[in-house]
$ cat start_2.cif   # mmCIF, C-alpha atoms and all ligand atoms
data_upload
loop_
_atom_site.label_atom_id
_atom_site.label_comp_id
_atom_site.auth_asym_id
_atom_site.auth_seq_id
_atom_site.Cartn_x
_atom_site.Cartn_y
_atom_site.Cartn_z
CA MET B 1 -172.13 -16.54 -23.61
CA SER B 2 -168.56 -16.24 -24.86
CA GLY B 3 -165.83 -17.86 -22.76
CA HIS B 4 -164.03 -14.55 -22.58
CA THR B 5 -167.08 -12.67 -21.18
CA HIS B 6 -167.79 -15.47 -18.75
CA ALA B 7 -164.24 -15.30 -17.36
CA ARG B 8 -164.60 -11.51 -16.98
CA ASP B 9 -167.88 -11.91 -15.03
CA GLU B 10 -166.31 -14.55 -12.76
CA GLU B 11 -163.44 -12.24 -12.02
CA LEU B 12 -165.76 -9.29 -11.28
CA LEU B 13 -167.89 -11.50 -9.02
CA LYS B 14 -164.84 -12.53 -7.04
CA ARG B 15 -163.80 -8.91 -6.58
CA HIS B 16 -167.39 -7.95 -5.68
CA ARG B 17 -167.57 -10.62 -2.96
CA LYS B 18 -164.30 -9.44 -1.48
CA VAL B 19 -165.26 -5.78 -1.02
CA MET B 20 -169.08 -5.69 -0.84
CA PRO B 21 -171.09 -6.75 2.24
CA PRO B 22 -172.55 -10.28 2.36
CA TRP B 23 -176.05 -8.99 3.23
CA MET B 24 -176.35 -7.28 -0.15
CA PRO B 25 -177.68 -10.12 -2.32
CA LEU B 26 -177.02 -10.61 -6.03
CA TYR B 27 -179.61 -12.13 -8.33
CA TYR B 28 -178.87 -15.32 -10.33
CA ASP B 29 -176.49 -18.29 -9.99
CA GLN B 30 -174.25 -16.40 -12.37
CA PRO B 31 -174.79 -12.73 -11.48
CA LEU B 32 -175.29 -10.32 -14.33
CA GLU B 33 -173.58 -7.04 -15.18
CA ILE B 34 -175.79 -4.69 -17.20
CA VAL B 35 -173.75 -2.53 -19.54
CA SER B 36 -176.26 -0.67 -21.70
CA GLY B 37 -179.98 -0.08 -22.09
CA SER B 38 -182.63 1.36 -24.34
CA GLY B 39 -186.35 1.64 -23.56
CA SER B 40 -187.39 -1.59 -21.83
CA THR B 41 -184.36 -3.61 -22.90
CA VAL B 42 -180.86 -3.86 -21.47
CA THR B 43 -177.70 -5.61 -22.62
CA GLY B 44 -175.51 -7.62 -20.30
CA SER B 45 -171.76 -8.03 -20.40
CA ASP B 46 -172.64 -11.53 -21.68
CA GLY B 47 -173.73 -9.81 -24.91
CA VAL B 48 -177.36 -10.86 -24.42
CA SER B 49 -180.18 -8.36 -24.87
CA TYR B 50 -182.81 -8.77 -22.14
CA LEU B 51 -186.34 -7.51 -21.72
CA GLU B 52 -186.16 -5.70 -18.36
CA PHE B 53 -189.21 -6.18 -16.15
CA TYR B 54 -187.83 -4.91 -12.86
CA SER B 55 -186.67 -1.39 -13.91
CA GLY B 56 -183.72 -1.35 -11.51
CA ILE B 57 -186.14 -1.95 -8.60
CA ALA B 58 -188.66 0.50 -10.06
CA THR B 59 -186.14 3.31 -10.45
CA ASN B 60 -186.02 3.44 -14.26
CA LEU B 61 -189.64 4.48 -14.41
CA VAL B 62 -189.67 5.75 -17.97
CA GLY B 63 -187.08 3.34 -19.37
CA TYR B 64 -183.40 3.30 -20.28
CA GLY B 65 -181.61 5.82 -22.46
CA ILE B 66 -184.58 8.16 -22.95
CA PRO B 67 -183.18 10.90 -25.27
CA GLU B 68 -185.19 13.80 -23.76
CA ILE B 69 -183.95 12.98 -20.26
CA GLN B 70 -180.38 12.27 -21.36
CA GLU B 71 -180.18 15.57 -23.26
CA ALA B 72 -181.53 17.55 -20.28
CA VAL B 73 -178.97 15.99 -17.92
CA GLN B 74 -176.15 16.50 -20.41
CA SER B 75 -177.03 20.18 -20.78
CA GLN B 76 -176.91 20.60 -16.98
CA LEU B 77 -173.52 18.84 -16.95
CA ARG B 78 -172.23 21.29 -19.56
CA THR B 79 -172.85 24.20 -17.17
CA GLY B 80 -170.12 22.74 -14.94
CA VAL B 81 -172.50 22.82 -11.96
CA VAL B 82 -173.00 19.31 -10.69
CA HIS B 83 -173.77 20.47 -7.19
CA THR B 84 -174.02 23.63 -5.10
CA SER B 85 -175.81 22.66 -1.82
CA THR B 86 -179.07 23.95 -0.45
CA PHE B 87 -177.34 26.97 1.12
CA TYR B 88 -177.75 28.60 -2.30
CA LEU B 89 -180.82 29.37 -4.34
CA ILE B 90 -181.43 26.57 -6.85
CA ARG B 91 -183.93 27.47 -9.56
CA LYS B 92 -184.68 23.87 -10.52
CA GLN B 93 -185.24 22.90 -6.88
CA VAL B 94 -187.97 25.54 -6.61
CA GLU B 95 -189.44 24.50 -9.99
CA LEU B 96 -189.60 20.83 -9.06
CA ALA B 97 -190.96 21.60 -5.58
CA GLU B 98 -193.72 23.74 -7.13
CA ARG B 99 -194.66 20.95 -9.53
CA ILE B 100 -194.70 18.24 -6.88
CA ALA B 101 -196.63 20.51 -4.51
CA GLY B 102 -199.24 20.99 -7.24
CA LEU B 103 -199.41 17.27 -8.00
CA SER B 104 -199.58 16.14 -4.37
CA GLY B 105 -203.23 16.97 -3.68
CA ILE B 106 -202.14 18.33 -0.28
CA ASP B 107 -203.35 21.74 0.87
CA ASP B 108 -200.63 24.43 1.30
CA PRO B 109 -197.78 21.94 0.83
CA VAL B 110 -194.05 22.27 1.50
CA VAL B 111 -191.43 20.05 -0.16
CA PHE B 112 -188.02 18.77 0.97
CA PHE B 113 -185.63 16.80 -1.26
CA THR B 114 -183.44 13.90 -0.19
CA CYS B 115 -181.27 11.34 -1.99
CA SER B 116 -183.23 8.14 -1.33
CA GLY B 117 -186.50 6.67 -0.15
CA THR B 118 -184.97 5.68 3.16
CA GLU B 119 -183.85 9.22 3.86
CA ALA B 120 -187.26 10.57 2.85
CA VAL B 121 -189.10 8.13 5.16
CA GLU B 122 -186.68 8.98 7.97
CA THR B 123 -187.35 12.69 7.46
CA ALA B 124 -191.12 12.13 7.52
CA LEU B 125 -190.69 10.26 10.81
CA LEU B 126 -188.43 12.99 12.19
CA LEU B 127 -190.92 15.73 11.32
CA THR B 128 -194.03 13.97 12.58
CA THR B 129 -192.37 12.87 15.85
CA GLN B 130 -191.32 16.49 16.42
CA TYR B 131 -194.74 17.81 15.42
CA ARG B 132 -196.59 15.49 17.77
CA ALA B 133 -193.88 15.33 20.49
CA SER B 134 -194.16 11.55 20.43
CA ASN B 135 -191.98 8.68 19.25
CA GLN B 136 -194.96 6.32 18.80
CA VAL B 137 -195.65 5.38 15.20
CA ILE B 138 -198.17 3.00 13.65
CA ALA B 139 -197.19 1.11 10.54
CA LEU B 140 -198.53 -1.90 8.65
CA ARG B 141 -197.60 -5.55 8.75
CA TYR B 142 -195.79 -6.79 5.63
CA SER B 143 -194.54 -3.25 4.92
CA TYR B 144 -191.10 -2.15 3.74
CA HIS B 145 -189.84 1.40 4.25
CA GLY B 146 -186.04 1.36 4.00
CA ARG B 147 -182.76 0.76 5.74
CA SER B 148 -182.18 3.41 8.44
CA PHE B 149 -183.10 2.99 12.14
CA GLY B 150 -186.52 4.65 11.83
CA ALA B 151 -187.36 3.21 8.41
CA LEU B 152 -186.38 -0.28 9.62
CA ALA B 153 -188.43 0.16 12.78
CA VAL B 154 -191.62 0.83 10.85
CA THR B 155 -190.90 -1.98 8.36
CA GLY B 156 -193.37 -4.75 9.19
CA ASP B 157 -191.47 -7.66 7.70
CA ARG B 158 -189.06 -9.56 9.91
CA ASN B 159 -186.98 -10.71 6.95
CA TRP B 160 -186.06 -7.13 6.14
CA GLN B 161 -186.13 -5.73 9.66
CA GLY B 162 -183.63 -8.04 11.35
CA ARG B 163 -183.14 -7.13 14.99
CA GLY B 164 -184.90 -3.82 14.47
CA LEU B 165 -183.19 -1.86 17.26
CA SER B 166 -185.01 1.42 17.18
CA PRO B 167 -185.46 4.92 18.56
CA LEU B 168 -189.20 4.61 17.83
CA ARG B 169 -192.07 2.75 19.46
CA VAL B 170 -193.95 1.05 16.66
CA ALA B 171 -197.25 -0.81 16.58
CA HIS B 172 -198.16 -2.67 13.40
CA ALA B 173 -201.77 -2.59 12.22
CA ARG B 174 -203.07 -4.94 9.54
CA GLY B 175 -202.20 -4.29 5.90
CA GLY B 176 -203.84 -5.64 2.78
CA GLU B 177 -203.04 -9.32 3.43
CA ARG B 178 -206.07 -11.09 4.91
CA ARG B 179 -205.28 -14.72 4.09
CA HIS B 180 -203.23 -15.15 7.27
CA GLY B 181 -204.24 -14.59 10.88
CA GLY B 182 -207.68 -16.16 10.75
CA MET B 183 -209.29 -13.53 8.52
CA ALA B 184 -209.28 -15.33 5.18
CA ASP B 185 -213.04 -15.76 5.11
CA LEU B 186 -213.91 -12.09 5.68
CA ASN B 187 -215.28 -10.08 2.75
CA ASP B 188 -213.91 -6.57 2.07
CA THR B 189 -216.42 -4.79 4.31
CA ASP B 190 -215.95 -7.14 7.25
CA TYR B 191 -212.18 -7.15 6.87
CA VAL B 192 -212.03 -3.34 6.81
CA HIS B 193 -214.32 -3.21 9.84
CA ALA B 194 -212.15 -5.71 11.77
CA CYS B 195 -208.93 -3.85 10.86
CA THR B 196 -210.41 -0.49 11.86
CA GLU B 197 -211.64 -1.78 15.20
CA ASP B 198 -208.20 -3.29 15.77
CA LEU B 199 -206.60 0.12 15.09
CA ARG B 200 -209.00 1.73 17.58
CA GLU B 201 -208.03 -0.92 20.11
CA LEU B 202 -204.33 -0.27 19.53
CA LEU B 203 -204.82 3.46 20.07
CA ALA B 204 -206.94 2.91 23.16
CA THR B 205 -204.73 0.36 24.89
CA SER B 206 -201.17 -0.07 23.65
CA THR B 207 -199.93 3.31 22.46
CA PRO B 208 -199.22 6.45 24.49
CA GLU B 209 -201.81 9.22 24.33
CA ALA B 210 -200.11 11.01 21.46
CA THR B 211 -199.13 9.04 18.39
CA ALA B 212 -196.78 10.74 15.93
CA ALA B 213 -198.07 9.25 12.67
CA MET B 214 -199.29 6.26 10.77
CA VAL B 215 -197.19 5.27 7.76
CA VAL B 216 -198.60 3.15 4.92
CA GLU B 217 -197.86 1.96 1.41
CA PRO B 218 -201.07 2.08 -0.69
CA VAL B 219 -199.87 -1.09 -2.44
CA GLN B 220 -197.36 -3.08 -0.38
CA GLY B 221 -194.65 -3.44 -2.99
CA ILE B 222 -191.90 -5.59 -1.50
CA ALA B 223 -194.57 -7.76 0.14
CA GLY B 224 -195.42 -8.78 -3.44
CA ALA B 225 -197.72 -6.05 -4.80
CA VAL B 226 -200.34 -6.54 -2.09
CA PRO B 227 -202.93 -3.73 -2.37
CA LEU B 228 -204.70 -2.34 0.67
CA VAL B 229 -208.33 -3.45 0.63
CA PRO B 230 -210.85 -0.93 -0.80
CA GLY B 231 -212.06 1.29 2.02
CA GLN B 232 -209.29 0.25 4.43
CA LEU B 233 -207.14 3.36 4.19
CA ALA B 234 -210.08 5.78 4.26
CA SER B 235 -211.41 4.00 7.33
CA TYR B 236 -207.98 4.18 8.99
CA GLN B 237 -207.72 7.88 8.19
CA ALA B 238 -211.12 8.58 9.76
CA VAL B 239 -209.83 7.08 13.02
CA LEU B 240 -206.52 8.95 12.78
CA ARG B 241 -208.40 12.24 12.35
CA GLU B 242 -210.29 11.66 15.59
CA HIS B 243 -206.85 11.74 17.27
CA ASP B 244 -205.13 14.37 15.03
CA ILE B 245 -202.61 11.74 13.92
CA PRO B 246 -200.97 12.55 10.55
CA LEU B 247 -201.10 9.98 7.75
CA ILE B 248 -197.78 9.44 5.94
CA VAL B 249 -198.27 7.76 2.59
CA ASP B 250 -195.10 6.08 1.30
CA GLU B 251 -195.27 6.43 -2.49
CA VAL B 252 -191.65 5.41 -3.04
CA GLN B 253 -192.72 2.43 -5.11
CA THR B 254 -196.27 3.42 -6.08
CA GLY B 255 -195.77 7.02 -7.25
CA TRP B 256 -195.64 8.73 -10.66
CA GLY B 257 -198.15 6.49 -12.43
CA ARG B 258 -196.73 3.09 -11.51
CA THR B 259 -200.13 1.84 -10.27
CA GLY B 260 -202.16 3.26 -13.16
CA ARG B 261 -202.99 6.46 -11.27
CA TYR B 262 -200.57 9.28 -10.55
CA TRP B 263 -200.35 8.33 -6.86
CA GLY B 264 -201.18 5.01 -5.26
CA TYR B 265 -203.23 6.82 -2.60
CA GLN B 266 -205.68 7.90 -5.32
CA TRP B 267 -207.12 4.37 -5.28
CA HIS B 268 -208.17 4.93 -1.69
CA ASP B 269 -210.14 8.16 -1.26
CA VAL B 270 -207.73 9.72 1.25
CA THR B 271 -205.47 12.77 1.27
CA PRO B 272 -202.07 12.26 2.86
CA ASP B 273 -200.73 14.70 5.44
CA VAL B 274 -197.24 13.77 4.26
CA LEU B 275 -196.36 12.01 0.99
CA VAL B 276 -192.95 10.36 0.63
CA PHE B 277 -191.44 9.81 -2.82
CA ALA B 278 -188.22 8.52 -4.43
CA LYS B 279 -187.24 5.81 -6.93
CA GLY B 280 -188.80 6.57 -10.34
CA VAL B 281 -188.92 10.36 -10.17
CA GLY B 282 -185.22 10.69 -11.07
CA ASN B 283 -185.50 7.96 -13.72
CA GLY B 284 -182.26 6.45 -12.45
CA LEU B 285 -180.64 9.48 -10.84
CA THR B 286 -180.87 9.57 -7.05
CA MET B 287 -183.83 11.68 -6.03
CA GLY B 288 -186.25 11.40 -3.14
CA GLY B 289 -188.19 13.65 -0.86
CA LEU B 290 -191.40 14.43 0.87
CA VAL B 291 -194.25 16.84 0.49
CA GLY B 292 -196.53 17.62 3.39
CA ARG B 293 -198.78 20.05 5.17
CA ARG B 294 -196.96 23.27 6.06
CA GLU B 295 -197.45 22.96 9.81
CA ILE B 296 -195.89 19.48 9.89
CA MET B 297 -193.10 20.33 7.47
CA SER B 298 -192.25 23.42 9.56
CA SER B 299 -192.00 21.57 12.85
CA LEU B 300 -188.20 21.31 13.21
CA SER B 301 -186.92 23.71 15.84
CA HIS B 302 -183.32 23.46 14.62
CA PRO B 303 -181.82 24.10 11.17
CA SER B 304 -181.37 20.99 9.03
CA ILE B 305 -179.89 20.19 5.65
CA SER B 306 -179.20 17.36 3.23
CA SER B 307 -175.83 18.02 1.60
CA PHE B 308 -176.84 16.31 -1.62
CA GLY B 309 -180.53 17.24 -1.46
CA GLY B 310 -181.54 19.51 -4.34
CA ASN B 311 -178.78 18.12 -6.53
CA PRO B 312 -178.98 19.92 -9.89
CA LEU B 313 -178.36 16.80 -12.00
CA SER B 314 -181.05 14.84 -10.18
CA LEU B 315 -183.44 17.81 -10.29
CA THR B 316 -182.90 18.13 -14.04
CA SER B 317 -183.57 14.46 -14.56
CA ALA B 318 -186.69 14.64 -12.38
CA LEU B 319 -188.09 17.68 -14.23
CA ALA B 320 -187.51 15.96 -17.59
CA THR B 321 -189.06 12.75 -16.23
CA LEU B 322 -192.19 14.59 -15.07
CA ASP B 323 -192.45 16.24 -18.52
CA TYR B 324 -192.20 12.82 -20.12
CA ILE B 325 -194.83 11.31 -17.81
CA ASP B 326 -197.21 14.17 -18.67
CA SER B 327 -196.63 14.28 -22.40
CA HIS B 328 -197.02 10.51 -22.76
CA ASP B 329 -199.82 10.15 -20.18
CA LEU B 330 -197.90 7.34 -18.51
CA PRO B 331 -200.41 6.67 -15.69
CA ALA B 332 -202.99 5.71 -18.35
CA ARG B 333 -200.34 3.73 -20.23
CA SER B 334 -199.46 1.88 -17.00
CA ALA B 335 -203.12 1.06 -16.33
CA HIS B 336 -203.51 -0.28 -19.90
CA ALA B 337 -200.30 -2.34 -20.00
CA GLY B 338 -200.88 -3.53 -16.42
CA ARG B 339 -204.28 -4.90 -17.40
CA ILE B 340 -202.78 -6.84 -20.33
CA LEU B 341 -200.03 -8.17 -18.06
CA VAL B 342 -202.14 -9.25 -15.10
CA GLU B 343 -205.15 -10.55 -17.05
CA GLY B 344 -202.84 -12.37 -19.47
CA LEU B 345 -200.89 -14.04 -16.68
CA GLN B 346 -204.06 -14.92 -14.79
CA ARG B 347 -205.37 -16.64 -17.92
CA CYS B 348 -202.15 -18.46 -18.83
CA LEU B 349 -201.31 -19.56 -15.28
CA ALA B 350 -204.85 -20.44 -14.16
CA ASP B 351 -204.18 -24.19 -14.12
CA GLU B 352 -200.67 -24.09 -12.71
CA PRO B 353 -200.78 -25.83 -9.32
CA TRP B 354 -197.84 -23.88 -7.84
CA VAL B 355 -199.33 -20.49 -8.71
CA CYS B 356 -201.32 -19.23 -5.76
CA GLN B 357 -202.17 -15.76 -7.04
CA VAL B 358 -201.38 -13.30 -9.82
CA ARG B 359 -202.09 -9.73 -8.70
CA GLY B 360 -201.27 -6.23 -9.82
CA THR B 361 -202.23 -2.60 -9.71
CA GLY B 362 -201.11 -0.96 -12.96
CA LEU B 363 -197.54 -2.08 -13.62
CA LEU B 364 -196.85 -3.09 -10.02
CA ALA B 365 -197.52 -6.80 -10.27
CA ALA B 366 -196.49 -10.13 -8.76
CA ILE B 367 -197.00 -13.86 -9.10
CA GLU B 368 -197.12 -15.69 -5.78
CA TYR B 369 -195.94 -19.32 -5.71
CA THR B 370 -197.05 -21.69 -2.95
CA ARG B 371 -197.22 -25.48 -2.47
CA PRO B 372 -200.23 -26.83 -4.37
CA GLY B 373 -203.38 -26.42 -2.31
CA ALA B 374 -201.59 -24.69 0.58
CA LEU B 375 -200.32 -21.24 1.55
CA GLU B 376 -196.84 -22.60 2.27
CA PRO B 377 -194.41 -20.37 0.34
CA ALA B 378 -192.64 -22.03 -2.61
CA VAL B 379 -189.43 -20.00 -2.62
CA ASP B 380 -187.60 -22.41 -4.94
CA MET B 381 -190.34 -21.99 -7.54
CA ALA B 382 -189.94 -18.21 -7.57
CA THR B 383 -186.13 -18.36 -7.87
CA SER B 384 -186.32 -21.11 -10.47
CA VAL B 385 -188.79 -19.08 -12.55
CA GLN B 386 -186.52 -16.07 -12.24
CA GLU B 387 -183.50 -18.10 -13.46
CA THR B 388 -185.43 -19.65 -16.34
CA CYS B 389 -186.77 -16.23 -17.37
CA ARG B 390 -183.21 -15.00 -17.56
CA ASP B 391 -182.29 -17.97 -19.76
CA MET B 392 -185.19 -16.82 -21.95
CA GLU B 393 -183.89 -13.23 -21.93
CA LEU B 394 -186.35 -11.69 -19.50
CA LEU B 395 -185.28 -10.08 -16.21
CA VAL B 396 -187.75 -10.15 -13.31
CA GLY B 397 -187.49 -9.50 -9.57
CA VAL B 398 -188.14 -11.77 -6.62
CA GLY B 399 -189.86 -10.63 -3.43
CA GLY B 400 -192.75 -11.24 -1.10
CA THR B 401 -192.26 -11.68 2.62
CA SER B 402 -190.89 -15.19 2.08
CA GLY B 403 -189.22 -14.49 -1.24
CA ASN B 404 -191.85 -16.62 -3.00
CA CYS B 405 -193.14 -13.98 -5.43
CA VAL B 406 -191.89 -13.07 -8.87
CA ARG B 407 -192.18 -9.30 -9.07
CA LEU B 408 -192.92 -7.47 -12.31
CA LEU B 409 -192.31 -3.72 -12.60
CA PRO B 410 -191.36 -2.90 -16.19
CA PRO B 411 -190.76 0.68 -17.32
CA LEU B 412 -194.11 2.45 -17.86
CA THR B 413 -193.22 2.83 -21.54
CA VAL B 414 -193.17 -0.93 -22.12
CA SER B 415 -195.03 -1.86 -25.32
CA ASP B 416 -198.04 -4.18 -25.52
CA ASP B 417 -195.92 -6.63 -27.55
CA GLN B 418 -193.20 -6.64 -24.91
CA VAL B 419 -195.82 -7.34 -22.25
CA ARG B 420 -197.18 -10.27 -24.30
CA GLN B 421 -193.63 -11.56 -24.79
CA ALA B 422 -193.08 -11.47 -21.02
CA ILE B 423 -196.34 -13.37 -20.42
CA ARG B 424 -195.20 -16.13 -22.81
CA VAL B 425 -191.80 -16.40 -21.15
CA ILE B 426 -193.15 -16.43 -17.58
CA THR B 427 -195.75 -19.05 -18.50
CA ASP B 428 -193.08 -21.32 -20.03
CA ALA B 429 -190.75 -20.69 -17.10
CA THR B 430 -193.47 -21.59 -14.61
CA ARG B 431 -194.33 -24.81 -16.48
CA THR B 432 -190.72 -25.93 -16.57
CA ALA B 433 -189.65 -24.66 -13.14
CA ARG B 434 -187.67 -26.96 -10.87
CA THR B 435 -188.98 -27.39 -7.32
C1 LIG B 501 -192.17 1.54 -0.19
C2 LIG B 501 -190.70 1.81 -0.03
N1 LIG B 501 -190.31 2.74 0.84
C3 LIG B 501 -189.02 3.05 1.02
C4 LIG B 501 -188.02 2.39 0.31
C5 LIG B 501 -186.60 2.73 0.53
O1 LIG B 501 -186.08 3.41 -0.59
P1 LIG B 501 -184.51 3.45 -0.89
O2 LIG B 501 -184.10 2.06 -1.25
O3 LIG B 501 -184.38 4.45 -2.02
O4 LIG B 501 -183.83 3.92 0.33
C6 LIG B 501 -188.39 1.41 -0.62
C7 LIG B 501 -187.37 0.67 -1.38
O5 LIG B 501 -187.61 -0.32 -2.02
C8 LIG B 501 -189.77 1.10 -0.78
O6 LIG B 501 -190.17 0.17 -1.66
#
$ encode --input "start_2.cif" --output "structure tokens" --more "lines below"
Ligand SMILES: Cc1ncc(COP(=O)(O)O)c(C=O)c1O
Amino acid sequence: MSGHTHARDEELLKRHRKVMPPWMPLYYDQPLEIVSGSGSTVTGSDGVSYLEFYSGIATNLVGYGIPEIQEAVQSQLRTGVVHTSTFYLIRKQVELAERIAGLSGIDDPVVFFTCSGTEAVETALLLTTQYRASNQVIALRYSYHGRSFGALAVTGDRNWQGRGLSPLRVAHARGGERRHGGMADLNDTDYVHACTEDLRELLATSTPEATAAMVVEPVQGIAGAVPLVPGQLASYQAVLREHDIPLIVDEVQTGWGRTGRYWGYQWHDVTPDVLVFAKGVGNGLTMGGLVGRREIMSSLSHPSISSFGGNPLSLTSALATLDYIDSHDLPARSAHAGRILVEGLQRCLADEPWVCQVRGTGLLAAIEYTRPGALEPAVDMATSVQETCRDMELLVGVGGTSGNCVRLLPPLTVSDDQVRQAIRVITDATRTART
């Protein structure tokens, strides 16, 4: 790192700390400014080229600087129309809605666009609470759904939820994590049975007669890539159907091929009543939304808008991103690269005492660090591995409910060689990590 660049970063950090809120964390002892990118690599203001295995928190789905997407966005910019508002007809909004409706697997679907995952989750909660005339929602433990009142209320992780003041009543059913709460010894069938009976019990005893919805992530991303157990979601949906309770599937992190299938829910033999999306679909431009059954999506009695929803630049980027996903069969690519990543890490880290588990579904993967022989989270290990990876020119995320997981979500276009390079770096970083 040149002295000059270092001084510039220090100065930017000082200015950042003065005007940005303290609850918005920065990665690394010496935070990094990314100034350019191409494919799965980015360059920092330190002049170093990094392999990027977090994709801007899963937003750069297809990679950085993809010419087809850049050209599409530039041609929209040249029209002079950056935004019009949803009070006008927007051709690309209709086109994208038609495509997402077709992809959703939902019968007679209607689509609404927002600017973020949070806003999309909030809208799904608004619509289902109106539809069912109830403010009772069921969510999952260890879940993350965003930053607004409703999205925070359904979030099942105290570290992200804070005080959780909320307009909703929320009960949290069990998610995919069975190692805590006395269920570690249950096999899949017994665990699913226990979780389902627990949901029945919740509905029979602690919730009002009508429940607005259940909201789930098919793989619990921020929890550290924890998948729901096979059969769990289908079993939950069977119970929900007995009570006419809509299932909202939050695909903000799992959508568009990230898990090796187009949607994360496709691992689970269910059909959502409402599907929430965001992150990768804009490949870096802000784009979110929801697609759901017509009767639910039509349930608002008052007019409603999102000023920036249906933004032409974001729509253009999303349409080009969907084209790219299709023409490069990225769900299959993600399944293939994800297998190399997870199996490779499992092999290389098998004897590492601080590694509790390596898990992944497609390219949504995590390494969980705990004290040797215990489930006690080893947060310092995860942050130390993250720092050492950076020293070795690889960027990774940190997450998990205790912050003890290294999270790996590279662009779906990452090459096999880049995946193998990341495995080597993470293995070295784990072996040399400071605890
Ligand atoms: C599953 C899930 N839902 C919702 C959100 C919120 O999305 P956003 O940060 O775009 O508001 C996130 C963000 O990480 C997420 O992972």
$ closest_atom_pairs --input "start_2.cif" --of "segment 170-270 of chain B" --to "segment 52-67 of chain B" --cutoff "9 Å" --atoms "only C-alpha atoms" --output "JSON lines"
{"residue": "B:Gln253", "atom": "CA", "partner": "B:Ala58", "partner_atom": "CA", "distance": 6.7}
{"residue": "B:Trp256", "atom": "CA", "partner": "B:Leu61", "partner_atom": "CA", "distance": 8.3}
{"residue": "B:Gly257", "atom": "CA", "partner": "B:Leu61", "partner_atom": "CA", "distance": 9.0}
{"residue": "B:Arg258", "atom": "CA", "partner": "B:Leu61", "partner_atom": "CA", "distance": 7.8}
$ closest_atom_pairs --input "start_2.cif" --of "segment 384-406 of chain B" --to "segment 41-47 of chain B" --cutoff "10 Å" --atoms "only C-alpha atoms" --output "Markdown table"
| residue | atom | partner | partner_atom | distance |
| --- | --- | --- | --- | --- |
| B:Glu393 | CA | B:Thr41 | CA | 9.7 |
| B:Leu394 | CA | B:Thr41 | CA | 9.0 |
| B:Leu395 | CA | B:Val42 | CA | 9.3 |
$ closest_atom_pairs --input "start_2.cif" --of "chain B" --to "ligand LIG 501 (chain B)" --cutoff "7 Å" --atoms "all atoms listed in the file" --output "CSV"
residue,atom,partner,partner_atom,distance
B:Ile57,CA,B:LIG501,O5,6.9
B:Ser116,CA,B:LIG501,O3,3.9
B:Gly117,CA,B:LIG501,O1,3.3
B:Thr118,CA,B:LIG501,O4,3.5
B:Glu119,CA,B:LIG501,O4,6.4
B:Val121,CA,B:LIG501,C3,6.6
B:Tyr144,CA,B:LIG501,C2,5.5
B:His145,CA,B:LIG501,N1,3.7
B:Gly146,CA,B:LIG501,C5,3.8
B:Arg147,CA,B:LIG501,O4,6.4
B:Glu217,CA,B:LIG501,C1,5.9
B:Gln220,CA,B:LIG501,C1,7.0
B:Gly221,CA,B:LIG501,O6,5.9
B:Ile222,CA,B:LIG501,O6,6.0
B:Asp250,CA,B:LIG501,C1,5.6
B:Glu251,CA,B:LIG501,C1,6.2
B:Val252,CA,B:LIG501,C2,4.8
B:Gln253,CA,B:LIG501,O6,4.8
B:Ala278,CA,B:LIG501,O3,6.1
B:Lys279,CA,B:LIG501,O3,5.8
$ atom_distance --input "start_2.cif" --atom1 "atom CA of Tyr142 of chain B" --atom2 "atom CA of Arg293 of chain B"
27.0 Å
$ residues_around --input "start_2.cif" --residues "Phe87 of chain B" --least-positions-apart "4" --cutoff "12 Å" --atoms "only C-alpha atoms" --output "ChimeraX atom specification"
/B:83,93,303-311
$ residues_around --input "start_2.cif" --residues "segment 168-181 of chain B" --least-positions-apart "2" --cutoff "7 Å" --atoms "only C-alpha atoms" --output "MDAnalysis selection string"
chainID B and resid 135:142 150 153:154 156 166 183:184 195 199 226:229
$ atom_distance --input "start_2.cif" --atom1 "atom CA of Gln357 of chain B" --atom2 "atom CA of Tyr236 of chain B"
26.2 Å
$ atom_distance --input "start_2.cif" --atom1 "atom CA of Leu349 of chain B" --atom2 "atom CA of Thr427 of chain B"
6.4 Å
$ axis_aligned_box --input "start_2.cif" --around "segment 187-192 of chain B" --padding-each-side "3 Å" --output "lines of an AutoDock Vina configuration file"
center_x = -214.2
center_y = -6.7
center_z = 4.7
size_x = 10.4
size_y = 12.7
size_z = 11.2
$ closest_atom_pairs --input "start_2.cif" --of "segment 11-80 of chain B" --to "segment 320-338 of chain B" --cutoff "8 Å" --atoms "only C-alpha atoms" --output "tab-separated table"
residue	atom	partner	partner_atom	distance
B:Val62	CA	B:Thr321	CA	7.2
B:Glu68	CA	B:Ala320	CA	6.9
B:Ile69	CA	B:Ala320	CA	5.4
B:Ala72	CA	B:Ala320	CA	6.7
$ closest_residue --input "start_2.cif" --among "B:Pro109, B:Gly373, B:Gly400, B:Gly280" --to "Glu295 of chain B" --atoms "only C-alpha atoms"
B:Pro109
$ closest_residue --input "start_2.cif" --among "B:Val385, B:Cys356, B:Leu125, B:Ile245" --to "Pro372 of chain B" --atoms "only C-alpha atoms"
B:Cys356
$ closest_residue --input "start_2.cif" --among "B:Asp188, B:Glu209, B:Glu343, B:Glu368" --to "Ala225 of chain B" --atoms "all atoms listed in the file"
B:Glu368
$ closest_residue --input "start_2.cif" --among "B:Met214, B:Leu345, B:Val239, B:Val276" --to "Arg420 of chain B" --atoms "only C-alpha atoms"
B:Leu345
$ residues_around --input "start_2.cif" --residues "Val419 of chain B" --least-positions-apart "4" --cutoff "8 Å" --atoms "all atoms listed in the file" --output "JSON, numbers by chain"
{"B": [337, 340, 341, 414, 415, 423]}
